[in-house]
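S.K.: Sharing data.pdb (PDB, C-alpha atoms, pLDDT in the B column) below.
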ATOM      1  CA  MET A 222     -56.731 263.998  51.033  1.00 88.00           C
ATOM      2  CA  LEU A 223     -55.848 267.478  52.265  1.00 94.00           C
ATOM      3  CA  ARG A 224     -56.548 270.075  49.598  1.00 95.00           C
ATOM      4  CA  ILE A 225     -55.674 273.751  49.836  1.00 95.00           C
ATOM      5  CA  THR A 226     -56.344 276.751  47.614  1.00 96.00           C
ATOM      6  CA  ASP A 227     -53.207 277.485  45.609  1.00 95.00           C
ATOM      7  CA  ALA A 228     -52.733 281.258  45.566  1.00 94.00           C
ATOM      8  CA  ARG A 229     -50.943 280.990  42.227  1.00 91.00           C
ATOM      9  CA  THR A 230     -54.048 279.681  40.438  1.00 92.00           C
ATOM     10  CA  GLY A 231     -56.959 280.206  42.835  1.00 93.00           C
ATOM     11  CA  GLU A 232     -57.781 276.526  42.420  1.00 95.00           C
ATOM     12  CA  PRO A 233     -57.735 273.662  44.935  1.00 95.00           C
ATOM     13  CA  ALA A 234     -54.568 271.575  44.935  1.00 94.00           C
ATOM     14  CA  PRO A 235     -53.359 268.621  47.002  1.00 93.00           C
ATOM     15  CA  ALA A 236     -51.074 269.728  49.812  1.00 92.00           C
ATOM     16  CA  ALA A 237     -49.072 266.535  49.385  1.00 87.00           C
ATOM     17  CA  PRO A 238     -49.306 265.217  45.803  1.00 81.00           C
ATOM     18  CA  THR A 239     -47.622 262.007  46.946  1.00 81.00           C
ATOM     19  CA  ARG A 240     -49.362 260.836  50.084  1.00 74.00           C
ATOM     20  CA  ARG A 241     -47.141 260.141  53.077  1.00 75.00           C
ATOM     21  CA  ALA A 242     -44.014 261.331  51.262  1.00 83.00           C
ATOM     22  CA  PRO A 243     -41.852 263.789  53.259  1.00 89.00           C
ATOM     23  CA  THR A 244     -43.122 267.324  52.679  1.00 93.00           C
ATOM     24  CA  ARG A 245     -41.447 270.670  53.292  1.00 93.00           C
ATOM     25  CA  VAL A 246     -43.741 273.298  54.827  1.00 95.00           C
ATOM     26  CA  GLU A 247     -42.177 276.732  54.362  1.00 94.00           C
ATOM     27  CA  ALA A 248     -43.469 279.676  56.403  1.00 95.00           C
ATOM     28  CA  HIS A 249     -42.354 282.939  54.807  1.00 94.00           C
ATOM     29  CA  ALA A 250     -42.662 285.583  57.541  1.00 92.00           C
ATOM     30  CA  PRO A 251     -40.437 288.622  56.916  1.00 87.00           C
ATOM     31  CA  GLY A 252     -41.876 290.763  59.725  1.00 86.00           C
ATOM     32  CA  ARG A 253     -42.602 290.446  63.422  1.00 88.00           C
ATOM     33  CA  ASP A 254     -46.250 291.402  63.546  1.00 93.00           C
ATOM     34  CA  ALA A 255     -49.675 289.788  63.843  1.00 95.00           C
ATOM     35  CA  THR A 256     -49.728 288.782  60.169  1.00 95.00           C
ATOM     36  CA  ALA A 257     -46.321 287.095  60.436  1.00 95.00           C
ATOM     37  CA  LEU A 258     -47.578 285.175  63.461  1.00 96.00           C
ATOM     38  CA  ARG A 259     -50.683 284.179  61.526  1.00 97.00           C
ATOM     39  CA  VAL A 260     -48.527 282.906  58.646  1.00 97.00           C
ATOM     40  CA  MET A 261     -46.656 280.708  61.121  1.00 97.00           C
ATOM     41  CA  LEU A 262     -49.923 279.533  62.687  1.00 98.00           C
ATOM     42  CA  VAL A 263     -51.356 278.509  59.307  1.00 98.00           C
ATOM     43  CA  ALA A 264     -48.113 276.688  58.512  1.00 98.00           C
ATOM     44  CA  ASP A 265     -48.430 274.949  61.897  1.00 98.00           C
ATOM     45  CA  LEU A 266     -52.013 273.887  61.080  1.00 98.00           C
ATOM     46  CA  LEU A 267     -50.852 272.615  57.689  1.00 98.00           C
ATOM     47  CA  ALA A 268     -48.089 270.560  59.318  1.00 97.00           C
ATOM     48  CA  ARG A 269     -50.542 269.151  61.867  1.00 97.00           C
ATOM     49  CA  ALA A 270     -53.070 268.190  59.188  1.00 97.00           C
ATOM     50  CA  LEU A 271     -50.405 266.485  57.084  1.00 96.00           C
ATOM     51  CA  GLU A 272     -49.071 264.566  60.075  1.00 95.00           C
ATOM     52  CA  LEU A 273     -52.593 263.437  61.006  1.00 95.00           C
ATOM     53  CA  ASP A 274     -52.708 261.872  57.538  1.00 92.00           C
ATOM     54  CA  GLY A 275     -49.377 260.120  58.113  1.00 92.00           C
ATOM     55  CA  THR A 276     -47.236 262.544  56.091  1.00 93.00           C
ATOM     56  CA  PRO A 277     -43.863 263.455  57.665  1.00 93.00           C
ATOM     57  CA  VAL A 278     -43.217 267.198  57.660  1.00 94.00           C
ATOM     58  CA  TRP A 279     -40.085 269.343  57.600  1.00 93.00           C
ATOM     59  CA  ALA A 280     -41.104 272.823  58.823  1.00 94.00           C
ATOM     60  CA  VAL A 281     -38.891 275.748  57.776  1.00 94.00           C
ATOM     61  CA  LEU A 282     -39.020 279.494  58.470  1.00 94.00           C
ATOM     62  CA  THR A 283     -37.767 281.815  55.709  1.00 92.00           C
ATOM     63  CA  GLY A 284     -37.318 285.555  55.288  1.00 88.00           C
ATOM     64  CA  ALA A 285     -37.553 286.316  59.009  1.00 85.00           C
ATOM     65  CA  ALA A 286     -35.638 289.520  59.787  1.00 79.00           C
ATOM     66  CA  GLU A 287     -36.338 289.090  63.504  1.00 77.00           C
ATOM     67  CA  GLY A 288     -36.357 285.310  63.576  1.00 78.00           C
ATOM     68  CA  GLU A 289     -35.596 284.686  67.227  1.00 87.00           C
ATOM     69  CA  ARG A 290     -38.140 287.172  68.555  1.00 89.00           C
ATOM     70  CA  LEU A 291     -40.756 285.911  66.109  1.00 91.00           C
ATOM     71  CA  ARG A 292     -40.059 282.341  67.238  1.00 92.00           C
ATOM     72  CA  GLU A 293     -40.563 283.413  70.866  1.00 94.00           C
ATOM     73  CA  ASP A 294     -43.956 284.918  70.033  1.00 94.00           C
ATOM     74  CA  ALA A 295     -44.879 281.847  67.987  1.00 96.00           C
ATOM     75  CA  ALA A 296     -43.909 279.474  70.798  1.00 96.00           C
ATOM     76  CA  ALA A 297     -46.197 281.399  73.151  1.00 96.00           C
ATOM     77  CA  LEU A 298     -49.058 280.705  70.725  1.00 97.00           C
ATOM     78  CA  GLY A 299     -48.309 276.975  70.789  1.00 97.00           C
ATOM     79  CA  ILE A 300     -46.747 276.986  67.325  1.00 97.00           C
ATOM     80  CA  ARG A 301     -44.209 274.220  67.081  1.00 92.00           C
ATOM     81  CA  PRO A 302     -40.565 275.035  66.200  1.00 93.00           C
ATOM     82  CA  PHE A 303     -39.553 275.835  62.628  1.00 94.00           C
ATOM     83  CA  GLU A 304     -36.012 275.361  61.416  1.00 92.00           C
ATOM     84  CA  ASP A 305     -34.079 278.294  59.985  1.00 87.00           C
ATOM     85  CA  ASP A 306     -33.839 277.926  56.216  1.00 72.00           C
ATOM     86  CA  ASP A 307     -30.376 279.499  56.222  1.00 58.00           C
ATOM     87  CA  THR A 308     -28.950 276.668  58.321  1.00 52.00           C
ATOM     88  CA  ALA A 309     -31.308 273.752  57.681  1.00 47.00           C
ATOM     89  CA  GLY A 310     -29.816 272.651  54.367  1.00 50.00           C
ATOM     90  CA  HIS A 311     -31.698 270.104  52.295  1.00 53.00           C
ATOM     91  CA  GLY A 312     -34.144 268.273  54.483  1.00 56.00           C
ATOM     92  CA  PRO A 313     -36.268 265.193  53.869  1.00 54.00           C
ATOM     93  CA  GLY A 314     -39.103 267.284  52.450  1.00 46.00           C
ATOM     94  CA  SER A 315     -37.144 268.640  49.509  1.00 52.00           C
ATOM     95  CA  GLY A 316     -39.089 266.469  47.046  1.00 60.00           C
ATOM     96  CA  GLN A 317     -42.399 268.300  47.550  1.00 86.00           C
ATOM     97  CA  SER A 318     -43.209 271.513  49.359  1.00 91.00           C
ATOM     98  CA  VAL A 319     -45.910 273.993  50.285  1.00 94.00           C
ATOM     99  CA  ARG A 320     -45.199 277.683  50.843  1.00 95.00           C
ATOM    100  CA  VAL A 321     -47.264 279.733  53.322  1.00 96.00           C
ATOM    101  CA  VAL A 322     -47.077 283.508  52.845  1.00 96.00           C
ATOM    102  CA  GLY A 323     -48.923 286.714  53.660  1.00 94.00           C
ATOM    103  CA  ALA A 324     -51.458 287.591  50.975  1.00 87.00           C
ATOM    104  CA  SER A 325     -49.422 290.631  49.913  1.00 80.00           C
ATOM    105  CA  GLY A 326     -46.457 288.369  49.123  1.00 73.00           C
ATOM    106  CA  ALA A 327     -48.325 285.647  47.273  1.00 68.00           C
ATOM    107  CA  GLY A 328     -47.451 286.867  43.796  1.00 61.00           C
ATOM    108  CA  GLY A 329     -44.630 285.680  41.616  1.00 56.00           C
ATOM    109  CA  ALA A 330     -43.991 282.366  39.945  1.00 48.00           C
ATOM    110  CA  ARG A 331     -42.881 279.644  42.312  1.00 68.00           C
ATOM    111  CA  ASP A 332     -42.666 275.898  41.935  1.00 79.00           C
ATOM    112  CA  ALA A 333     -44.332 275.256  45.271  1.00 86.00           C
ATOM    113  CA  VAL A 334     -48.047 275.274  45.983  1.00 92.00           C
ATOM    114  CA  THR A 335     -48.668 278.536  47.833  1.00 95.00           C
ATOM    115  CA  VAL A 336     -51.087 279.293  50.673  1.00 96.00           C
ATOM    116  CA  ALA A 337     -51.982 282.985  51.009  1.00 96.00           C
ATOM    117  CA  VAL A 338     -52.795 284.209  54.516  1.00 97.00           C
ATOM    118  CA  GLY A 339     -54.958 287.281  55.092  1.00 96.00           C
ATOM    119  CA  PRO A 340     -53.843 290.183  57.301  1.00 96.00           C
ATOM    120  CA  ALA A 341     -54.325 290.305  61.073  1.00 97.00           C
ATOM    121  CA  HIS A 342     -54.887 293.592  62.897  1.00 96.00           C
ATOM    122  CA  PRO A 343     -53.665 295.358  64.935  1.00 96.00           C
ATOM    123  CA  ALA A 344     -50.094 294.798  63.830  1.00 93.00           C
ATOM    124  CA  GLU A 345     -48.953 294.456  67.456  1.00 93.00           C
ATOM    125  CA  PRO A 346     -51.588 292.310  69.171  1.00 90.00           C
ATOM    126  CA  ASP A 347     -51.933 291.883  72.918  1.00 93.00           C
ATOM    127  CA  LEU A 348     -50.089 288.637  73.660  1.00 95.00           C
ATOM    128  CA  ALA A 349     -50.838 288.644  77.392  1.00 95.00           C
ATOM    129  CA  ASP A 350     -53.120 285.636  76.772  1.00 96.00           C
ATOM    130  CA  PRO A 351     -51.566 283.872  73.759  1.00 97.00           C
ATOM    131  CA  ASP A 352     -54.058 280.977  73.844  1.00 97.00           C
ATOM    132  CA  ALA A 353     -56.890 283.466  73.320  1.00 97.00           C
ATOM    133  CA  VAL A 354     -54.969 284.993  70.396  1.00 98.00           C
ATOM    134  CA  ARG A 355     -54.611 281.552  68.816  1.00 98.00           C
ATOM    135  CA  LEU A 356     -58.334 280.843  69.141  1.00 98.00           C
ATOM    136  CA  ALA A 357     -59.271 284.284  67.788  1.00 98.00           C
ATOM    137  CA  LEU A 358     -57.080 283.620  64.733  1.00 98.00           C
ATOM    138  CA  LEU A 359     -58.667 280.203  64.231  1.00 98.00           C
ATOM    139  CA  GLU A 360     -62.173 281.684  64.199  1.00 98.00           C
ATOM    140  CA  ARG A 361     -61.714 282.995  60.634  1.00 97.00           C
ATOM    141  CA  ARG A 362     -60.695 281.243  57.422  1.00 97.00           C
ATOM    142  CA  HIS A 363     -56.993 281.827  56.851  1.00 97.00           C
ATOM    143  CA  HIS A 364     -57.459 283.878  53.675  1.00 95.00           C
ATOM    144  CA  ALA A 365     -59.799 286.387  55.387  1.00 97.00           C
ATOM    145  CA  ARG A 366     -58.799 289.450  57.370  1.00 97.00           C
ATOM    146  CA  VAL A 367     -59.040 288.982  61.136  1.00 97.00           C
ATOM    147  CA  GLU A 368     -59.338 291.535  63.937  1.00 96.00           C
ATOM    148  CA  LEU A 369     -57.549 290.868  67.219  1.00 97.00           C
ATOM    149  CA  ASP A 370     -59.244 293.692  69.106  1.00 96.00           C
ATOM    150  CA  ALA A 371     -60.214 293.589  72.774  1.00 96.00           C
ATOM    151  CA  PRO A 372     -63.773 292.243  72.227  1.00 96.00           C
ATOM    152  CA  ALA A 373     -62.518 289.413  69.984  1.00 97.00           C
ATOM    153  CA  LEU A 374     -59.845 288.401  72.492  1.00 97.00           C
ATOM    154  CA  ALA A 375     -62.282 288.564  75.415  1.00 97.00           C
ATOM    155  CA  GLU A 376     -64.747 286.340  73.545  1.00 97.00           C
ATOM    156  CA  ALA A 377     -61.983 283.868  72.714  1.00 98.00           C
ATOM    157  CA  ARG A 378     -60.749 283.877  76.315  1.00 98.00           C
ATOM    158  CA  ASP A 379     -64.248 283.107  77.644  1.00 98.00           C
ATOM    159  CA  ALA A 380     -64.870 280.370  75.064  1.00 97.00           C
ATOM    160  CA  LEU A 381     -61.547 278.696  75.787  1.00 97.00           C
ATOM    161  CA  ALA A 382     -62.139 278.744  79.549  1.00 97.00           C
ATOM    162  CA  ARG A 383     -65.604 277.230  79.036  1.00 96.00           C
ATOM    163  CA  TRP A 384     -64.290 274.463  76.796  1.00 97.00           C
ATOM    164  CA  ARG A 385     -61.440 273.581  79.126  1.00 97.00           C
ATOM    165  CA  ARG A 386     -63.811 273.349  82.097  1.00 97.00           C
ATOM    166  CA  ALA A 387     -66.182 271.166  80.086  1.00 97.00           C
ATOM    167  CA  VAL A 388     -63.388 268.894  78.826  1.00 97.00           C
ATOM    168  CA  ALA A 389     -62.043 268.490  82.375  1.00 97.00           C
ATOM    169  CA  ASP A 390     -65.521 267.481  83.513  1.00 97.00           C
ATOM    170  CA  TRP A 391     -66.094 265.079  80.603  1.00 97.00           C
ATOM    171  CA  ALA A 392     -62.755 263.415  81.392  1.00 97.00           C
ATOM    172  CA  ARG A 393     -64.235 262.171  84.678  1.00 96.00           C
ATOM    173  CA  HIS A 394     -66.701 259.972  82.774  1.00 97.00           C
ATOM    174  CA  PRO A 395     -65.996 256.574  81.196  1.00 97.00           C
ATOM    175  CA  SER A 396     -64.213 256.954  77.890  1.00 95.00           C
ATOM    176  CA  ARG A 397     -66.162 256.347  74.684  1.00 97.00           C
ATOM    177  CA  PRO A 398     -64.779 256.197  71.138  1.00 97.00           C
ATOM    178  CA  VAL A 399     -65.071 259.120  68.750  1.00 98.00           C
ATOM    179  CA  PRO A 400     -68.169 258.406  66.620  1.00 97.00           C
ATOM    180  CA  GLY A 401     -67.206 257.729  63.031  1.00 97.00           C
ATOM    181  CA  GLU A 402     -69.567 260.392  61.703  1.00 98.00           C
ATOM    182  CA  VAL A 403     -68.021 263.058  63.936  1.00 98.00           C
ATOM    183  CA  ARG A 404     -64.468 261.975  63.060  1.00 98.00           C
ATOM    184  CA  ASP A 405     -65.334 262.192  59.360  1.00 98.00           C
ATOM    185  CA  ARG A 406     -66.773 265.704  59.766  1.00 98.00           C
ATOM    186  CA  LEU A 407     -63.683 266.921  61.603  1.00 98.00           C
ATOM    187  CA  ARG A 408     -61.326 265.498  58.992  1.00 98.00           C
ATOM    188  CA  ALA A 409     -63.490 266.836  56.145  1.00 98.00           C
ATOM    189  CA  ALA A 410     -63.198 270.323  57.656  1.00 98.00           C
ATOM    190  CA  TRP A 411     -59.435 270.459  58.120  1.00 98.00           C
ATOM    191  CA  GLU A 412     -58.824 268.689  54.804  1.00 97.00           C
ATOM    192  CA  ASP A 413     -60.911 271.392  53.081  1.00 97.00           C
ATOM    193  CA  ASP A 414     -58.341 274.177  52.859  1.00 98.00           C
ATOM    194  CA  LEU A 415     -57.530 273.995  56.593  1.00 98.00           C
ATOM    195  CA  ASP A 416     -61.050 275.021  57.631  1.00 98.00           C
ATOM    196  CA  ALA A 417     -60.407 275.674  61.325  1.00 98.00           C
ATOM    197  CA  PRO A 418     -63.749 277.512  61.785  1.00 98.00           C
ATOM    198  CA  GLY A 419     -65.450 274.378  60.464  1.00 98.00           C
ATOM    199  CA  VAL A 420     -63.670 272.259  63.076  1.00 98.00           C
ATOM    200  CA  LEU A 421     -64.758 274.706  65.790  1.00 98.00           C
ATOM    201  CA  ARG A 422     -68.373 274.501  64.574  1.00 98.00           C
ATOM    202  CA  VAL A 423     -68.307 270.734  64.974  1.00 98.00           C
ATOM    203  CA  LEU A 424     -66.991 271.109  68.543  1.00 97.00           C
ATOM    204  CA  ARG A 425     -69.743 273.597  69.406  1.00 97.00           C
ATOM    205  CA  GLU A 426     -72.354 271.121  68.178  1.00 97.00           C
ATOM    206  CA  VAL A 427     -70.692 268.316  70.132  1.00 96.00           C
ATOM    207  CA  GLU A 428     -70.819 270.464  73.265  1.00 95.00           C
ATOM    208  CA  THR A 429     -74.635 270.524  73.246  1.00 94.00           C
ATOM    209  CA  ASP A 430     -75.581 267.287  71.444  1.00 96.00           C
ATOM    210  CA  PRO A 431     -77.841 265.403  73.902  1.00 94.00           C
ATOM    211  CA  ASN A 432     -77.154 262.079  72.195  1.00 94.00           C
ATOM    212  CA  LEU A 433     -73.429 262.031  72.907  1.00 97.00           C
ATOM    213  CA  PRO A 434     -72.061 260.514  76.123  1.00 97.00           C
ATOM    214  CA  ASP A 435     -69.644 262.768  77.991  1.00 98.00           C
ATOM    215  CA  GLY A 436     -66.807 260.288  77.555  1.00 98.00           C
ATOM    216  CA  ALA A 437     -67.186 260.589  73.780  1.00 98.00           C
ATOM    217  CA  ARG A 438     -67.231 264.398  74.002  1.00 98.00           C
ATOM    218  CA  PHE A 439     -63.877 264.270  75.756  1.00 98.00           C
ATOM    219  CA  GLU A 440     -62.314 262.011  73.127  1.00 98.00           C
ATOM    220  CA  ILE A 441     -63.722 264.170  70.308  1.00 98.00           C
ATOM    221  CA  CYS A 442     -62.168 267.312  71.771  1.00 98.00           C
ATOM    222  CA  ALA A 443     -58.846 265.582  72.370  1.00 98.00           C
ATOM    223  CA  TYR A 444     -58.829 264.333  68.774  1.00 98.00           C
ATOM    224  CA  ALA A 445     -59.769 267.713  67.256  1.00 98.00           C
ATOM    225  CA  ASP A 446     -57.134 269.428  69.372  1.00 98.00           C
ATOM    226  CA  ARG A 447     -54.411 267.513  67.563  1.00 98.00           C
ATOM    227  CA  PHE A 448     -55.228 269.911  64.715  1.00 98.00           C
ATOM    228  CA  LEU A 449     -56.312 273.023  66.631  1.00 98.00           C
ATOM    229  CA  GLY A 450     -53.508 273.035  69.225  1.00 98.00           C
ATOM    230  CA  LEU A 451     -55.614 274.822  71.868  1.00 98.00           C
ATOM    231  CA  GLN A 452     -54.623 272.627  74.823  1.00 97.00           C
ATOM    232  CA  LEU A 453     -58.266 271.757  75.437  1.00 98.00           C
ATOM    233  CA  THR A 454     -57.254 268.947  77.836  1.00 97.00           C
ATOM    234  CA  ARG A 455     -54.917 271.167  79.856  1.00 96.00           C
ATOM    235  CA  ASP A 456     -57.133 271.301  82.938  1.00 95.00           C
ATOM    236  CA  VAL A 457     -57.960 267.604  83.167  1.00 95.00           C
ATOM    237  CA  GLY A 458     -57.561 266.602  86.801  1.00 89.00           C
ATOM    238  CA  THR A 459     -58.089 270.166  88.009  1.00 81.00           C
ATOM    239  CA  SER A 460     -60.799 270.938  90.545  1.00 66.00           C
ATOM    240  CA  TYR A 461     -62.968 273.956  89.816  1.00 56.00           C
TER
END
Translate the structure described by the file into structure tokens.

M.R.:
Amino acid sequence: MLRITDARTGEPAPAAPTRRAPTRVEAHAPGRDATALRVMLVADLLARALELDGTPVWAVLTGAAEGERLREDAAALGIRPFEDDDTAGHGPGSGQSVRVVGASGAGGARDAVTVAVGPAHPAEPDLADPDAVRLALLERRHHARVELDAPALAEARDALARWRRAVADWARHPSRPVPGEVRDRLRAAWEDDLDAPGVLRVLREVETDPNLPDGARFEICAYADRFLGLQLTRDVGTSY
């Protein structure tokens, strides 16, 4: 079961107290800066993790003063669409909900379990390569501060290019199932407070494990990418 740290108590709490019941995921992003984008990304990861467990999700954006422009930036990062809370009405997830907010706005009594997201700097990141920005944000736990400076983005860009080339190559080999032990480690990571860095660590080990056939490496990356959203299979069929 997916458990997240509730900012109201500092204690772990189930993201969906009733498994597979419709759940509202509310991203509260009042600005249009790197931290607001990170809030939406964490909400996107939460929705993905819930859906991987069979829980239907209703994703809603609240408090956005520049909603349309923020949505454009979020779409570039591969964040799936969020409905506008002002027009969405009462959706199927009204019975249980999780609120994702910037750490500075995590205070106050609310009924919903609350996920606090640490700040991202600089406030206006370079979005020329949005996939690299997404990976750089995923490299740190969501409650920690993250720097989106030039070295971090360059490292993310290089890592993503390497992975995509490798995945495209592994796709040319006979498919093999995801080993149960690897699947369990991936799920244990994202079900532990959305531990994206933990998922990335598993993929880095998979990349160099001599005991794994290439066809299994491909399926592992494709499976993990359902959570990460990095388009790791984008270049399958491409000649390098």

S.K.: Please write the residues picked by the PyMOL selection byres ((chain A and resi 435) around 12) on this file as a ChimeraX atom specification.

M.R.: /A:387-399,427-434,436-442

S.K.: Hey, which of A:Arg404, A:Arg269, A:Arg253, A:His342 ends up closest to A:Gly284? Count all atoms listed in the file.

M.R.: A:Arg253

S.K.: Please indicate the distance in Å from atom CA of A:Arg229 to atom CA of A:His364, rounded to one decimal place.

M.R.: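 Atom-to-atom, atom CA of A:Arg229 to atom CA of A:His364, that is 13.5 Å.
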
S.K.: Taking the file as shown, find all residues satisfying the PyMOL selection byres ((chain A and resi 257) around 12) and write them as number ranges by chain.

M.R.: A: 248-256, 258-264, 282-288, 290-292, 294-295, 321-326, 337-346

S.K.: I want to know what sits within 12 Å of stretch 373-381 of chain A, based on all atoms listed in the file, with residues of the same chain fewer than 3 positions away left out; could you give that as a PyMOL selection string?

M.R.: chain A and resi 342-343+346-361+367-370+384-388+421+424-425+428+449-456

S.K.: Those same residues - C-alpha atoms - I'd like them written as a PDB file, in the coordinates of the input.

M.R.:
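part.pdb, written as the output of this step:
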ATOM      1  CA  HIS A 342     -54.887 293.592  62.897  1.00 96.00           C
ATOM      2  CA  PRO A 343     -53.665 295.358  64.935  1.00 96.00           C
ATOM      3  CA  PRO A 346     -51.588 292.310  69.171  1.00 90.00           C
ATOM      4  CA  ASP A 347     -51.933 291.883  72.918  1.00 93.00           C
ATOM      5  CA  LEU A 348     -50.089 288.637  73.660  1.00 95.00           C
ATOM      6  CA  ALA A 349     -50.838 288.644  77.392  1.00 95.00           C
ATOM      7  CA  ASP A 350     -53.120 285.636  76.772  1.00 96.00           C
ATOM      8  CA  PRO A 351     -51.566 283.872  73.759  1.00 97.00           C
ATOM      9  CA  ASP A 352     -54.058 280.977  73.844  1.00 97.00           C
ATOM     10  CA  ALA A 353     -56.890 283.466  73.320  1.00 97.00           C
ATOM     11  CA  VAL A 354     -54.969 284.993  70.396  1.00 98.00           C
ATOM     12  CA  ARG A 355     -54.611 281.552  68.816  1.00 98.00           C
ATOM     13  CA  LEU A 356     -58.334 280.843  69.141  1.00 98.00           C
ATOM     14  CA  ALA A 357     -59.271 284.284  67.788  1.00 98.00           C
ATOM     15  CA  LEU A 358     -57.080 283.620  64.733  1.00 98.00           C
ATOM     16  CA  LEU A 359     -58.667 280.203  64.231  1.00 98.00           C
ATOM     17  CA  GLU A 360     -62.173 281.684  64.199  1.00 98.00           C
ATOM     18  CA  ARG A 361     -61.714 282.995  60.634  1.00 97.00           C
ATOM     19  CA  VAL A 367     -59.040 288.982  61.136  1.00 97.00           C
ATOM     20  CA  GLU A 368     -59.338 291.535  63.937  1.00 96.00           C
ATOM     21  CA  LEU A 369     -57.549 290.868  67.219  1.00 97.00           C
ATOM     22  CA  ASP A 370     -59.244 293.692  69.106  1.00 96.00           C
ATOM     23  CA  TRP A 384     -64.290 274.463  76.796  1.00 97.00           C
ATOM     24  CA  ARG A 385     -61.440 273.581  79.126  1.00 97.00           C
ATOM     25  CA  ARG A 386     -63.811 273.349  82.097  1.00 97.00           C
ATOM     26  CA  ALA A 387     -66.182 271.166  80.086  1.00 97.00           C
ATOM     27  CA  VAL A 388     -63.388 268.894  78.826  1.00 97.00           C
ATOM     28  CA  LEU A 421     -64.758 274.706  65.790  1.00 98.00           C
ATOM     29  CA  LEU A 424     -66.991 271.109  68.543  1.00 97.00           C
ATOM     30  CA  ARG A 425     -69.743 273.597  69.406  1.00 97.00           C
ATOM     31  CA  GLU A 428     -70.819 270.464  73.265  1.00 95.00           C
ATOM     32  CA  LEU A 449     -56.312 273.023  66.631  1.00 98.00           C
ATOM     33  CA  GLY A 450     -53.508 273.035  69.225  1.00 98.00           C
ATOM     34  CA  LEU A 451     -55.614 274.822  71.868  1.00 98.00           C
ATOM     35  CA  GLN A 452     -54.623 272.627  74.823  1.00 97.00           C
ATOM     36  CA  LEU A 453     -58.266 271.757  75.437  1.00 98.00           C
ATOM     37  CA  THR A 454     -57.254 268.947  77.836  1.00 97.00           C
ATOM     38  CA  ARG A 455     -54.917 271.167  79.856  1.00 96.00           C
ATOM     39  CA  ASP A 456     -57.133 271.301  82.938  1.00 95.00           C
TER      40      ASP A 456
END

S.K.: Using atom CA of A:Pro243 and atom CA of A:Val423 as the two end points, give the distance in Å to one decimal.

M.R.: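 Computing the Euclidean distance for atom CA of A:Pro243 and atom CA of A:Val423 yields 29.8 Å.
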
S.K.: As an exercise, work out the distance from atom CA of A:Pro238 to atom CA of A:Val334 in Å and give it to one decimal place.

M.R.: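 Computing it gives 10.1 Å between the two atoms.
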
S.K.: Expand the PyMOL selection byres ((chain A and resi 271) around 12) into the individual residues it matches in the shown file, reporting them as a PDB file with C-alpha atoms, keeping the file's coordinate frame.

M.R.:
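expr-v4.pdb was written with the following content:
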ATOM      1  CA  MET A 222     -56.731 263.998  51.033  1.00 88.00           C
ATOM      2  CA  LEU A 223     -55.848 267.478  52.265  1.00 94.00           C
ATOM      3  CA  ARG A 224     -56.548 270.075  49.598  1.00 95.00           C
ATOM      4  CA  ILE A 225     -55.674 273.751  49.836  1.00 95.00           C
ATOM      5  CA  PRO A 235     -53.359 268.621  47.002  1.00 93.00           C
ATOM      6  CA  ALA A 236     -51.074 269.728  49.812  1.00 92.00           C
ATOM      7  CA  ALA A 237     -49.072 266.535  49.385  1.00 87.00           C
ATOM      8  CA  PRO A 238     -49.306 265.217  45.803  1.00 81.00           C
ATOM      9  CA  THR A 239     -47.622 262.007  46.946  1.00 81.00           C
ATOM     10  CA  ARG A 240     -49.362 260.836  50.084  1.00 74.00           C
ATOM     11  CA  ARG A 241     -47.141 260.141  53.077  1.00 75.00           C
ATOM     12  CA  ALA A 242     -44.014 261.331  51.262  1.00 83.00           C
ATOM     13  CA  PRO A 243     -41.852 263.789  53.259  1.00 89.00           C
ATOM     14  CA  THR A 244     -43.122 267.324  52.679  1.00 93.00           C
ATOM     15  CA  ARG A 245     -41.447 270.670  53.292  1.00 93.00           C
ATOM     16  CA  VAL A 246     -43.741 273.298  54.827  1.00 95.00           C
ATOM     17  CA  ALA A 264     -48.113 276.688  58.512  1.00 98.00           C
ATOM     18  CA  ASP A 265     -48.430 274.949  61.897  1.00 98.00           C
ATOM     19  CA  LEU A 266     -52.013 273.887  61.080  1.00 98.00           C
ATOM     20  CA  LEU A 267     -50.852 272.615  57.689  1.00 98.00           C
ATOM     21  CA  ALA A 268     -48.089 270.560  59.318  1.00 97.00           C
ATOM     22  CA  ARG A 269     -50.542 269.151  61.867  1.00 97.00           C
ATOM     23  CA  ALA A 270     -53.070 268.190  59.188  1.00 97.00           C
ATOM     24  CA  GLU A 272     -49.071 264.566  60.075  1.00 95.00           C
ATOM     25  CA  LEU A 273     -52.593 263.437  61.006  1.00 95.00           C
ATOM     26  CA  ASP A 274     -52.708 261.872  57.538  1.00 92.00           C
ATOM     27  CA  GLY A 275     -49.377 260.120  58.113  1.00 92.00           C
ATOM     28  CA  THR A 276     -47.236 262.544  56.091  1.00 93.00           C
ATOM     29  CA  PRO A 277     -43.863 263.455  57.665  1.00 93.00           C
ATOM     30  CA  VAL A 278     -43.217 267.198  57.660  1.00 94.00           C
ATOM     31  CA  TRP A 279     -40.085 269.343  57.600  1.00 93.00           C
ATOM     32  CA  ALA A 280     -41.104 272.823  58.823  1.00 94.00           C
ATOM     33  CA  SER A 318     -43.209 271.513  49.359  1.00 91.00           C
ATOM     34  CA  VAL A 319     -45.910 273.993  50.285  1.00 94.00           C
ATOM     35  CA  ARG A 408     -61.326 265.498  58.992  1.00 98.00           C
ATOM     36  CA  TRP A 411     -59.435 270.459  58.120  1.00 98.00           C
ATOM     37  CA  GLU A 412     -58.824 268.689  54.804  1.00 97.00           C
ATOM     38  CA  ASP A 414     -58.341 274.177  52.859  1.00 98.00           C
ATOM     39  CA  LEU A 415     -57.530 273.995  56.593  1.00 98.00           C
ATOM     40  CA  ARG A 447     -54.411 267.513  67.563  1.00 98.00           C
ATOM     41  CA  PHE A 448     -55.228 269.911  64.715  1.00 98.00           C
TER      42      PHE A 448
END
